[in-house]
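File shown here: work.txt, holding compact mmCIF, C-alpha atoms.
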# COMPACT_ATOMS: atom_id res chain seq x y z
CA MET A 1 58.18 78.64 109.55
CA GLN A 2 57.26 82.14 108.41
CA ALA A 3 59.50 83.60 105.64
CA LEU A 4 61.12 86.86 106.72
CA THR A 5 63.50 89.39 105.14
CA PRO A 6 67.07 89.50 106.54
CA HIS A 7 69.32 92.50 106.86
CA VAL A 8 71.39 92.85 103.67
CA TYR A 9 74.47 95.07 103.26
CA TRP A 10 76.09 95.90 99.92
CA ALA A 11 79.18 97.42 98.36
CA GLN A 12 80.61 97.51 94.86
CA ARG A 13 83.76 97.66 92.80
CA HIS A 14 84.00 98.38 89.10
CA GLY A 15 83.61 94.72 88.23
CA GLU A 16 81.71 93.21 91.18
CA ILE A 17 78.80 93.56 93.60
CA TYR A 18 79.26 92.38 97.18
CA LEU A 19 76.30 91.43 99.37
CA ARG A 20 76.46 90.45 103.04
CA VAL A 21 73.35 88.70 104.38
CA GLU A 22 73.02 88.74 108.16
CA ILE A 23 72.06 85.11 108.75
CA SER A 24 74.20 82.90 110.97
CA ASP A 25 74.49 79.13 110.62
CA ALA A 26 72.62 79.31 107.29
CA GLN A 27 71.23 76.09 105.82
CA ASN A 28 69.24 75.02 102.73
CA LEU A 29 70.48 78.02 100.75
CA SER A 30 69.03 78.79 97.35
CA ILE A 31 70.76 81.71 95.61
CA GLY A 32 70.56 82.60 91.92
CA VAL A 33 70.03 85.31 89.32
CA GLU A 34 67.15 85.15 86.84
CA GLU A 35 66.27 87.99 84.46
CA ASN A 36 68.67 90.29 86.32
CA ILE A 37 66.93 89.61 89.64
CA LEU A 38 68.80 88.03 92.56
CA HIS A 39 66.71 85.54 94.53
CA PHE A 40 67.81 84.44 98.00
CA LYS A 41 66.23 81.85 100.22
CA GLY A 42 67.60 80.04 103.26
CA GLN A 43 67.18 79.04 106.87
CA GLY A 44 69.20 80.29 109.79
CA HIS A 45 69.39 82.67 112.71
CA GLY A 46 68.71 86.27 111.66
CA ALA A 47 67.15 89.44 112.99
CA LYS A 48 63.92 87.55 113.83
CA GLY A 49 65.63 84.56 115.39
CA GLU A 50 65.65 81.06 113.88
CA ASN A 51 63.52 81.31 110.76
CA GLU A 52 63.34 81.01 107.00
CA TYR A 53 64.54 84.16 105.27
CA GLU A 54 64.22 85.32 101.69
CA PHE A 55 64.52 88.41 99.53
CA SER A 56 64.79 89.53 95.89
CA LEU A 57 66.77 92.38 94.34
CA GLU A 58 66.42 93.67 90.79
CA PHE A 59 69.79 95.16 89.83
CA LEU A 60 70.20 98.57 88.23
CA LYS A 61 72.09 97.12 85.25
CA PRO A 62 72.69 93.65 83.80
CA VAL A 63 74.85 91.21 85.77
CA LYS A 64 76.33 87.82 84.97
CA PRO A 65 74.11 84.88 85.97
CA GLU A 66 76.89 83.12 87.86
CA VAL A 67 76.74 83.82 91.61
CA LYS A 68 79.40 82.97 94.16
CA HIS A 69 78.45 82.63 97.79
CA LYS A 70 80.14 81.57 101.01
CA SER A 71 78.36 80.80 104.25
CA THR A 72 80.08 81.38 107.59
CA GLN A 73 78.89 81.00 111.17
CA ARG A 74 77.90 84.68 111.21
CA GLN A 75 76.76 85.58 107.67
CA VAL A 76 76.39 84.70 104.01
CA ASN A 77 78.70 86.53 101.58
CA ILE A 78 77.53 86.82 97.97
CA THR A 79 79.55 88.05 94.98
CA VAL A 80 77.89 88.97 91.67
CA LYS A 81 79.98 89.86 88.62
CA LYS A 82 79.27 92.82 86.35
CA PRO A 83 79.63 92.14 82.60
CA GLU A 84 81.23 95.58 82.19
CA HIS A 85 83.67 97.37 84.46
CA ILE A 86 81.52 100.41 85.23
CA TRP A 87 80.47 102.23 88.39
CA TRP A 88 76.78 102.12 89.37
CA ASP A 89 74.99 105.08 90.93
CA ARG A 90 72.92 102.71 93.04
CA LEU A 91 72.30 98.97 93.41
CA THR A 92 68.66 98.47 92.49
CA LYS A 93 66.55 99.43 89.52
CA GLN A 94 63.94 101.03 91.75
CA GLU A 95 65.10 104.42 92.97
CA LYS A 96 63.70 103.92 96.47
CA LYS A 97 66.05 101.69 98.45
CA PRO A 98 64.45 98.62 100.07
CA LEU A 99 64.16 98.89 103.84
CA PHE A 100 66.24 95.77 104.47
CA LEU A 101 69.17 97.05 102.31
CA ALA A 102 72.03 99.24 103.64
CA PRO A 103 75.63 100.09 102.66
CA ASP A 104 78.35 97.72 103.86
CA PHE A 105 80.72 100.27 105.35
CA ASP A 106 83.32 97.59 106.09
CA ARG A 107 83.86 97.22 102.33
CA TRP A 108 82.54 100.54 101.07
CA LEU A 109 84.67 102.65 98.75
CA ASP A 110 83.79 105.65 96.66
CA GLU A 111 84.55 105.55 92.94
CA SER A 112 87.98 107.23 93.12
CA ASP A 113 89.14 104.95 95.94
CA ALA A 114 87.90 101.91 94.02
CA GLU A 115 89.86 103.03 90.95
CA MET A 116 92.99 103.39 93.07
CA GLU A 117 92.46 99.92 94.54
CA LEU A 118 91.99 98.52 91.02
CA ARG A 119 95.23 100.14 89.83
CA GLU A 120 97.12 98.72 92.81
CA LYS A 121 95.80 95.23 92.02
CA GLU A 122 96.81 95.59 88.37
CA GLU A 123 100.29 96.77 89.40
CA LYS A 124 100.70 93.76 91.70
CA ILE A 125 99.56 91.40 88.94
CA ASN A 126 101.96 93.01 86.47
CA LYS A 127 104.79 92.84 89.00
CA VAL A 128 104.18 89.16 89.65
CA SER A 129 103.97 88.54 85.90
CA ILE A 130 107.27 90.34 85.26
CA GLU A 131 108.98 88.57 88.16
CA SER A 132 107.78 85.21 86.87
CA ARG A 133 109.33 85.95 83.46
CA VAL A 134 112.63 87.23 84.85
CA HIS A 135 115.28 84.54 85.12
CA LYS A 136 116.19 84.04 88.76
CA ASP A 137 119.89 84.11 89.51
CA PRO A 138 120.87 80.72 90.96
CA PHE A 139 123.92 82.33 92.61
CA LEU A 140 121.97 85.17 94.26
CA GLY A 141 122.36 83.70 97.75
CA LEU A 142 126.09 83.21 97.25
CA LYS A 143 126.50 86.79 95.98
CA LYS A 144 124.56 88.22 98.92
CA GLY A 145 126.62 86.13 101.31
CA PHE A 146 129.86 87.43 99.81
CA LEU A 147 128.67 91.06 99.95
CA PHE A 148 127.46 90.61 103.54
CA MET A 149 130.86 89.26 104.64
CA TYR A 150 132.72 92.00 102.74
CA ASN A 151 130.69 94.76 104.40
CA LEU A 152 130.98 93.06 107.80
CA VAL A 153 134.78 92.89 107.57
CA GLN A 154 135.00 96.52 106.48
CA PHE A 155 132.63 97.59 109.28
CA LEU A 156 134.75 95.77 111.88
CA GLY A 157 137.95 97.27 110.48
CA TYR A 158 136.73 100.86 110.44
CA SER A 159 135.02 100.42 113.82
CA TRP A 160 138.37 99.37 115.29
CA ILE A 161 140.02 102.44 113.76
CA PHE A 162 137.29 104.79 115.02
CA VAL A 163 137.19 103.38 118.55
CA ASN A 164 140.98 103.24 118.83
CA MET A 165 141.40 106.84 117.70
CA THR A 166 138.56 108.07 119.93
CA VAL A 167 139.95 106.35 123.04
CA ARG A 168 143.47 107.64 122.35
CA LEU A 169 142.09 111.15 121.82
CA PHE A 170 140.40 111.11 125.24
CA ILE A 171 143.44 109.65 126.99
CA LEU A 172 146.30 111.47 125.24
CA GLY A 173 144.55 114.56 123.94
CA GLN A 174 146.42 116.40 121.18
CA ASP A 175 149.46 114.14 121.61
CA SER A 176 147.46 111.40 119.84
CA PHE A 177 147.54 113.51 116.64
CA TYR A 178 151.23 112.91 116.08
CA ASP A 179 151.46 109.11 116.14
CA THR A 180 148.16 108.24 114.45
CA PHE A 181 149.85 106.80 111.38
CA HIS A 182 152.11 104.41 113.30
CA THR A 183 149.17 103.18 115.39
CA ILE A 184 146.44 102.91 112.75
CA ALA A 185 148.21 102.53 109.39
CA ASP A 186 148.27 98.71 109.22
CA VAL A 187 144.50 98.36 109.63
CA MET A 188 143.85 101.32 107.34
CA TYR A 189 146.09 99.73 104.67
CA PHE A 190 144.08 96.52 104.94
CA CYS A 191 140.68 98.27 104.71
CA GLN A 192 141.68 100.47 101.81
CA MET A 193 143.25 97.63 99.84
CA LEU A 194 140.07 95.63 100.39
CA ALA A 195 138.01 98.64 99.27
CA ILE A 196 139.23 98.02 95.70
CA MET A 197 136.41 95.43 95.65
CA GLU A 198 133.99 98.38 95.56
CA VAL A 199 135.27 99.13 92.06
CA ILE A 200 135.30 95.48 90.99
CA ASN A 201 131.83 94.63 92.35
CA PRO A 202 129.85 97.02 90.08
CA ALA A 203 132.18 96.29 87.17
CA VAL A 204 131.27 92.58 87.25
CA GLY A 205 127.59 93.21 88.06
CA LEU A 206 127.56 92.16 91.74
CA VAL A 207 126.00 95.50 92.73
CA LYS A 208 123.93 97.96 90.70
CA THR A 209 125.95 101.12 91.27
CA GLY A 210 128.18 103.17 89.02
CA VAL A 211 131.83 102.20 88.63
CA MET A 212 133.17 105.76 88.23
CA PRO A 213 132.03 107.24 91.61
CA ALA A 214 133.48 104.22 93.45
CA PHE A 215 136.71 104.45 91.42
CA ILE A 216 137.13 108.16 92.21
CA GLN A 217 136.64 107.65 95.96
CA VAL A 218 138.69 104.47 96.40
CA MET A 219 141.61 105.50 94.20
CA GLY A 220 141.61 109.00 95.68
CA ARG A 221 141.88 107.67 99.21
CA ASN A 222 144.52 105.13 98.26
CA PHE A 223 146.58 107.86 96.60
CA ILE A 224 146.55 109.86 99.85
CA LEU A 225 147.23 106.80 102.00
CA PHE A 226 149.95 105.05 99.98
CA VAL A 227 151.63 107.91 98.12
CA ILE A 228 151.33 110.93 100.43
CA PHE A 229 151.42 109.26 103.85
CA GLY A 230 153.08 105.96 102.96
CA THR A 231 156.14 107.27 101.08
CA LEU A 232 156.86 110.40 103.14
CA GLU A 233 158.00 109.80 106.71
CA ASP A 234 157.81 113.55 107.37
CA MET A 235 154.05 113.44 106.68
CA GLN A 236 153.40 110.50 109.00
CA ASN A 237 153.85 112.57 112.17
CA LYS A 238 151.59 115.46 111.10
CA PRO A 239 148.18 116.06 112.75
CA VAL A 240 146.48 116.05 109.34
CA VAL A 241 146.80 112.23 109.31
CA PHE A 242 144.53 112.06 112.36
CA PHE A 243 141.83 114.19 110.76
CA VAL A 244 141.92 112.30 107.45
CA PHE A 245 141.68 108.87 109.13
CA TYR A 246 139.04 109.99 111.64
CA LEU A 247 136.76 111.49 108.98
CA TRP A 248 137.10 108.42 106.75
CA SER A 249 136.25 106.02 109.58
CA THR A 250 133.30 108.12 110.83
CA ILE A 251 131.63 107.92 107.41
CA GLU A 252 132.29 104.20 106.99
CA ILE A 253 130.95 102.99 110.37
CA PHE A 254 127.50 104.02 109.14
CA ARG A 255 127.85 103.12 105.46
CA TYR A 256 129.01 99.53 105.79
CA PRO A 257 126.38 98.30 108.29
CA PHE A 258 123.68 99.84 106.07
CA TYR A 259 124.88 97.78 103.08
CA MET A 260 125.39 94.75 105.31
CA LEU A 261 121.74 94.80 106.45
CA ALA A 262 120.57 95.44 102.88
CA CYS A 263 122.10 92.06 101.94
CA ILE A 264 119.61 90.35 104.27
CA ASP A 265 116.68 92.63 103.25
CA THR A 266 116.66 94.42 106.60
CA GLU A 267 116.45 98.15 107.24
CA TRP A 268 116.85 100.29 110.35
CA LYS A 269 115.28 103.70 109.78
CA LEU A 270 117.81 105.59 111.92
CA LEU A 271 120.75 103.87 110.22
CA THR A 272 119.25 104.66 106.79
CA TRP A 273 118.87 108.31 107.71
CA LEU A 274 122.45 108.48 109.05
CA ARG A 275 123.89 106.71 106.02
CA TYR A 276 122.25 109.18 103.61
CA THR A 277 122.76 112.30 105.75
CA ILE A 278 125.97 112.20 107.78
CA TRP A 279 128.18 112.28 104.68
CA ILE A 280 126.81 115.73 103.73
CA PRO A 281 129.12 117.56 106.21
CA LEU A 282 131.76 114.82 106.60
CA TYR A 283 132.56 114.10 102.95
CA PRO A 284 133.60 117.70 102.05
CA LEU A 285 135.54 117.90 105.33
CA GLY A 286 137.34 114.69 104.40
CA VAL A 287 138.28 116.08 100.98
CA LEU A 288 139.42 119.32 102.64
CA ALA A 289 141.67 117.34 105.01
CA GLU A 290 143.08 115.40 102.04
CA ALA A 291 143.77 118.69 100.25
CA VAL A 292 145.65 120.00 103.31
CA ALA A 293 147.74 116.81 103.31
CA LEU A 294 148.55 117.32 99.61
CA ILE A 295 149.54 120.96 100.11
CA GLN A 296 151.76 120.05 103.08
CA SER A 297 153.47 117.32 101.06
CA ILE A 298 154.38 119.51 98.06
CA PRO A 299 157.45 121.20 99.69
CA ILE A 300 158.66 117.80 100.92
CA PHE A 301 158.49 116.29 97.43
CA ASP A 302 160.25 119.36 96.00
CA GLU A 303 163.04 119.09 98.56
CA THR A 304 163.59 115.33 98.39
CA LYS A 305 162.95 115.01 94.62
CA LEU A 306 161.10 111.82 95.52
CA LEU A 307 159.07 110.41 92.59
CA SER A 308 160.35 113.25 90.36
CA ILE A 309 161.19 112.38 86.75
CA ALA A 310 164.77 113.14 85.69
CA LEU A 311 164.94 114.82 82.29
CA PRO A 312 167.93 114.60 79.87
CA LYS A 313 171.16 116.26 81.11
CA ALA A 314 171.00 118.72 78.23
CA ILE A 315 167.88 120.21 79.77
CA GLY A 316 169.49 120.26 83.21
CA MET A 317 166.35 119.85 85.31
CA SER A 318 163.79 117.30 86.44
CA LEU A 319 160.00 117.16 86.39
CA SER A 320 158.98 117.55 90.02
CA PHE A 321 156.25 115.31 91.39
CA SER A 322 154.77 118.42 93.01
CA TYR A 323 153.42 119.46 89.59
CA ILE A 324 151.42 116.25 89.48
CA LEU A 325 150.16 116.97 93.02
CA GLN A 326 149.00 120.44 92.01
CA LEU A 327 147.15 118.97 89.05
CA TYR A 328 145.71 116.29 91.32
CA LEU A 329 144.37 119.00 93.66
CA VAL A 330 142.24 120.34 90.82
CA ILE A 331 141.11 116.82 89.85
CA MET A 332 140.29 116.03 93.49
CA PHE A 333 137.85 118.92 93.81
CA LEU A 334 136.33 117.98 90.46
CA GLY A 335 135.88 114.46 91.85
CA LEU A 336 134.26 115.98 94.96
CA PHE A 337 131.69 117.69 92.73
CA ILE A 338 130.96 114.47 90.77
CA ASN A 339 130.67 112.29 93.86
CA PHE A 340 128.67 114.87 95.80
CA ARG A 341 126.18 115.12 92.94
CA HIS A 342 125.97 111.32 92.68
CA LEU A 343 125.41 110.90 96.44
CA PHE A 344 122.74 113.61 96.52
CA LYS A 345 120.88 111.86 93.69
CA GLN A 346 121.10 108.58 95.63
CA ARG A 347 119.77 110.28 98.75
CA SER A 348 116.87 111.99 96.93
CA ARG A 349 115.93 108.78 95.10
CA ARG A 350 116.03 106.79 98.33
CA PHE A 351 113.77 109.10 100.31
CA ARG A 352 111.35 109.63 97.39
CA THR A 353 110.93 105.84 97.20
CA LYS A 354 110.33 105.59 100.96
CA LYS A 355 107.77 108.42 100.79
CA ARG A 356 105.85 106.70 97.95
CA LYS A 357 105.77 103.43 99.90
CA ALA A 358 104.53 105.26 103.01
CA ASN A 359 101.68 106.82 101.04
Spit out the file's structure as structure tokens when you get a sec.
Amino acid sequence: MQALTPHVYWAQRHGEIYLRVEISDAQNLSIGVEENILHFKGQGHGAKGENEYEFSLEFLKPVKPEVKHKSTQRQVNITVKKPEHIWWDRLTKQEKKPLFLAPDFDRWLDESDAEMELREKEEKINKVSIESRVHKDPFLGLKKGFLFMYNLVQFLGYSWIFVNMTVRLFILGQDSFYDTFHTIADVMYFCQMLAIMEVINPAVGLVKTGVMPAFIQVMGRNFILFVIFGTLEDMQNKPVVFFVFYLWSTIEIFRYPFYMLACIDTEWKLLTWLRYTIWIPLYPLGVLAEAVALIQSIPIFDETKLLSIALPKAIGMSLSFSYILQLYLVIMFLGLFINFRHLFKQRSRRFRTKKRKAN
């Protein structure tokens, strides 16, 4: 059989040369590098049909003598290593490109793209290396299961509150404002008592969030619920209870399912956007509603002397609990600033990470 030259396609990376020889069902292959020249010889079906094909290429710069090749039904893939990680201006020593040689556009990258690919590979290798050194938590599955169930229970609780209040609003209209506490309080008590776990979880290392923002939010809500609404019957029939409970539940029906899905490494883009966006108007409105409840409760505490501290008879007066409420109003808006700043940082960090992954 007459020896012919096959079609050869090439591409490079900083450390390797890739050659693709267009010969299908190749047999009797002889491939090697001698004195920086690649010699190829083999039989198969190429551009000139079933024949013996051969070619030689003298590389622009030195290469390692070891050659890796893999024959498939359609082609022969050859990999040649460079001794130095450098970019070549061309493949062959002779400036004029051989007629049978062409770029392999399926694998072709320019130098900057190849550098980026190399960096990504190094990052993956480093990540795997770090992960292999990090001690895996044997209780990780148990922790995720606990957090999933916690968030599921809270989601169901706040969903019941939200749906119940919404249905009553449509049926009863404004009349539903005045008996919200007596209808919803038991479930709200349960959810807010359970929410104390959101302070405990970061404190014991179950979640990687700050303790202080969770403490401010949970304790602030529980103060409103148990002290302002729970101890004052006159406050329980006021419309402000409806607005406080409704705003709380609206935020939580998006927050808890987001964390619940995060426990099983699942993400819904719309839910993520809602979780990190809907609180921007609702959280300040919730604090404003809580402030209204505090202001409305001050005259009641003054009149009833409830929770006031009696001072010695010689002084002839008592320390009204309303003073503490006025101080708490200031602290509450300071807490709003701290939590708002924390949540904005969380939101910015989240969407920056998503943008980097998309790019």
**Request:** Give me the residues within 12 Å of Met197 (chain A) as JSON, numbers by chain, counting only C-alpha atoms and dropping any in the same chain fewer than 6 places off.
**Result:** {"A": [146, 147, 150, 151, 154, 191, 203, 204, 205, 206, 207, 211, 214, 215, 218, 219]}
**Asked** If you count all atoms listed in the file, which residues fall within 10 Å of Thr304 (chain A), apart from same-chain ones fewer than 4 positions away, as a ChimeraX atom specification?
**Response** /A:232,299-300,308,320
Can those selected residues be exported to a file as a PDB file, in the coordinates of the input so that it contains C-alpha atoms?
ATOM      1  CA  LEU A 232     156.860 110.400 103.140  1.00  0.00           C
ATOM      2  CA  PRO A 299     157.450 121.200  99.690  1.00  0.00           C
ATOM      3  CA  ILE A 300     158.660 117.800 100.920  1.00  0.00           C
ATOM      4  CA  SER A 308     160.350 113.250  90.360  1.00  0.00           C
ATOM      5  CA  SER A 320     158.980 117.550  90.020  1.00  0.00           C
TER       6      SER A 320
END
Give me the residues within 10 Å of Leu91 (chain A) as a tab-separated table (two decimals) with C-alpha atoms, in the coordinates of the input, counting only C-alpha atoms and dropping any in the same chain fewer than 5 places off.
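What ended up in selection_24.tsv:
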chain	number	residue	atom	x	y	z
A	10	TRP	CA	76.09	95.90	99.92
A	11	ALA	CA	79.18	97.42	98.36
A	12	GLN	CA	80.61	97.51	94.86
A	17	ILE	CA	78.80	93.56	93.60
A	57	LEU	CA	66.77	92.38	94.34
A	58	GLU	CA	66.42	93.67	90.79
A	59	PHE	CA	69.79	95.16	89.83
A	60	LEU	CA	70.20	98.57	88.23
A	61	LYS	CA	72.09	97.12	85.25
A	97	LYS	CA	66.05	101.69	98.45
A	101	LEU	CA	69.17	97.05	102.31
A	103	PRO	CA	75.63	100.09	102.66
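Taking only C-alpha atoms, the non-local environment of region 325-340 of chain A within 8 Å (same-chain residues fewer than 2 positions away omitted) comprises Pro213, Ile216, Gln217, Gly220, Pro284, Val287, Ala291, Leu294, Ile298, Phe321, Ser322, Tyr323, His342, Leu343 and Phe344 of chain A.
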**Complete:** Taken to one decimal, the CA of Ala114 (chain A)-CA of Gly32 (chain A) distance is 26.0 Å
**Fill in**
One decimal place gives the CA of Lys238 (chain A)-CA of Tyr189 (chain A) separation as 17.9 Å
**Request:** Have a look at A:Leu4, A:Val167, A:Ile251, A:Val153 and name the one nearest to Leu274 (chain A); count only C-alpha atoms.
**Result:**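 That would be A:Ile251, the residue with the smallest distance to Leu274 (chain A).
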Taking all atoms of region 75-89 of chain A that the file lists and extending 3 Å past them on each side, where is the centre of the axis-aligned box and how long are its edges? Answer in Å to one decimal, as lines of an AutoDock Vina configuration file.
center_x = 79.3
center_y = 94.9
center_z = 94.9
size_x = 14.7
size_y = 26.4
size_z = 31.5
**Spatial neighbours of region 261-263 of chain A, max dist 12 Å, all atoms listed in the file, sep filter under 2 positions, as a ChimeraX atom specification** = /A:140-152,155,206-207,254-259,265-269,271-272
**Request:** For a cut-off of 6 Å around (80.1, 89.6, 94.7), file coordinates, pick out all residues using all atoms listed in the file and list them as a list in words.
**Result:**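 Checked against the point, the hits come out as Glu16, Ile17, Tyr18, Ile78, Thr79 and Val80 of chain A.
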**Request:** Rounded to one decimal place, report the CA of Asn28 (chain A)-CA of Lys64 (chain A) distance in Å.
**Result:** 23.0 Å
**Message:** Between A:Pro98, A:Gly157, A:Pro281, A:Gly44, which residue has the minimum interatomic distance to Gln192 (chain A), considering only C-alpha atoms?
**Reply:**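 Between A:Pro98, A:Gly157, A:Pro281, A:Gly44, the residue approaching Gln192 (chain A) most closely is A:Gly157.
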**Request:** Could you tell me which of A:Ile86, A:Ile264, A:Ile224, A:Ala293 comes closest to Asn237 (chain A) if we count only C-alpha atoms?
**Result:** A:Ala293
**Prompt:** A:Gly42, A:Arg74, A:Leu288, A:Glu52: which is nearest Asp25 (chain A), counting only C-alpha atoms?
**Reply:** A:Arg74
**Asked** Closest to Lys70 (chain A) among A:Leu319, A:Phe170, A:Glu123, A:Gln27, using all atoms listed in the file?
**Response** A:Gln27
Pull region 73-89 of chain A out of the block and emit N, CA and C atoms, as a JSON list (two decimals), in the first residue's frame.
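The resulting out28.json:
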[["chain", "number", "residue", "atom", "x", "y", "z"],
["A", 73, "GLN", "N", -12.46, 4.84, 17.06],
["A", 73, "GLN", "CA", -13.00, 4.42, 15.76],
["A", 73, "GLN", "C", -12.89, 5.53, 14.73],
["A", 74, "ARG", "N", -12.77, 6.78, 15.17],
["A", 74, "ARG", "CA", -12.78, 7.90, 14.23],
["A", 74, "ARG", "C", -11.43, 8.58, 14.07],
["A", 75, "GLN", "N", -10.52, 8.47, 15.06],
["A", 75, "GLN", "CA", -9.29, 9.26, 15.00],
["A", 75, "GLN", "C", -8.25, 8.71, 15.97],
["A", 76, "VAL", "N", -7.05, 9.29, 15.86],
["A", 76, "VAL", "CA", -5.98, 8.98, 16.81],
["A", 76, "VAL", "C", -5.62, 10.28, 17.53],
["A", 77, "ASN", "N", -5.72, 10.28, 18.86],
["A", 77, "ASN", "CA", -5.39, 11.46, 19.67],
["A", 77, "ASN", "C", -4.01, 11.28, 20.27],
["A", 78, "ILE", "N", -3.16, 12.29, 20.09],
["A", 78, "ILE", "CA", -1.78, 12.23, 20.56],
["A", 78, "ILE", "C", -1.54, 13.41, 21.50],
["A", 79, "THR", "N", -0.87, 13.14, 22.63],
["A", 79, "THR", "CA", -0.51, 14.19, 23.58],
["A", 79, "THR", "C", 1.00, 14.16, 23.80],
["A", 80, "VAL", "N", 1.63, 15.31, 23.61],
["A", 80, "VAL", "CA", 3.07, 15.46, 23.80],
["A", 80, "VAL", "C", 3.29, 16.50, 24.89],
["A", 81, "LYS", "N", 4.12, 16.19, 25.86],
["A", 81, "LYS", "CA", 4.38, 17.10, 26.98],
["A", 81, "LYS", "C", 5.51, 18.07, 26.66],
["A", 82, "LYS", "N", 5.33, 19.32, 27.11],
["A", 82, "LYS", "CA", 6.41, 20.30, 27.04],
["A", 82, "LYS", "C", 7.24, 20.21, 28.32],
["A", 83, "PRO", "N", 8.56, 20.33, 28.23],
["A", 83, "PRO", "CA", 9.37, 20.32, 29.46],
["A", 83, "PRO", "C", 9.18, 21.58, 30.29],
["A", 84, "GLU", "N", 8.80, 22.69, 29.64],
["A", 84, "GLU", "CA", 8.55, 23.95, 30.34],
["A", 84, "GLU", "C", 7.14, 24.44, 30.01],
["A", 85, "HIS", "N", 6.52, 25.05, 31.01],
["A", 85, "HIS", "CA", 5.17, 25.59, 30.80],
["A", 85, "HIS", "C", 5.27, 26.96, 30.13],
["A", 86, "ILE", "N", 5.39, 26.93, 28.83],
["A", 86, "ILE", "CA", 5.48, 28.18, 28.04],
["A", 86, "ILE", "C", 4.55, 28.07, 26.84],
["A", 87, "TRP", "N", 4.20, 29.23, 26.31],
["A", 87, "TRP", "CA", 3.30, 29.29, 25.15],
["A", 87, "TRP", "C", 4.12, 29.40, 23.87],
["A", 88, "TRP", "N", 3.81, 28.57, 22.88],
["A", 88, "TRP", "CA", 4.53, 28.59, 21.60],
["A", 88, "TRP", "C", 3.79, 29.48, 20.60],
["A", 89, "ASP", "N", 4.58, 30.19, 19.79],
["A", 89, "ASP", "CA", 3.99, 31.01, 18.73],
["A", 89, "ASP", "C", 3.44, 30.16, 17.61]]
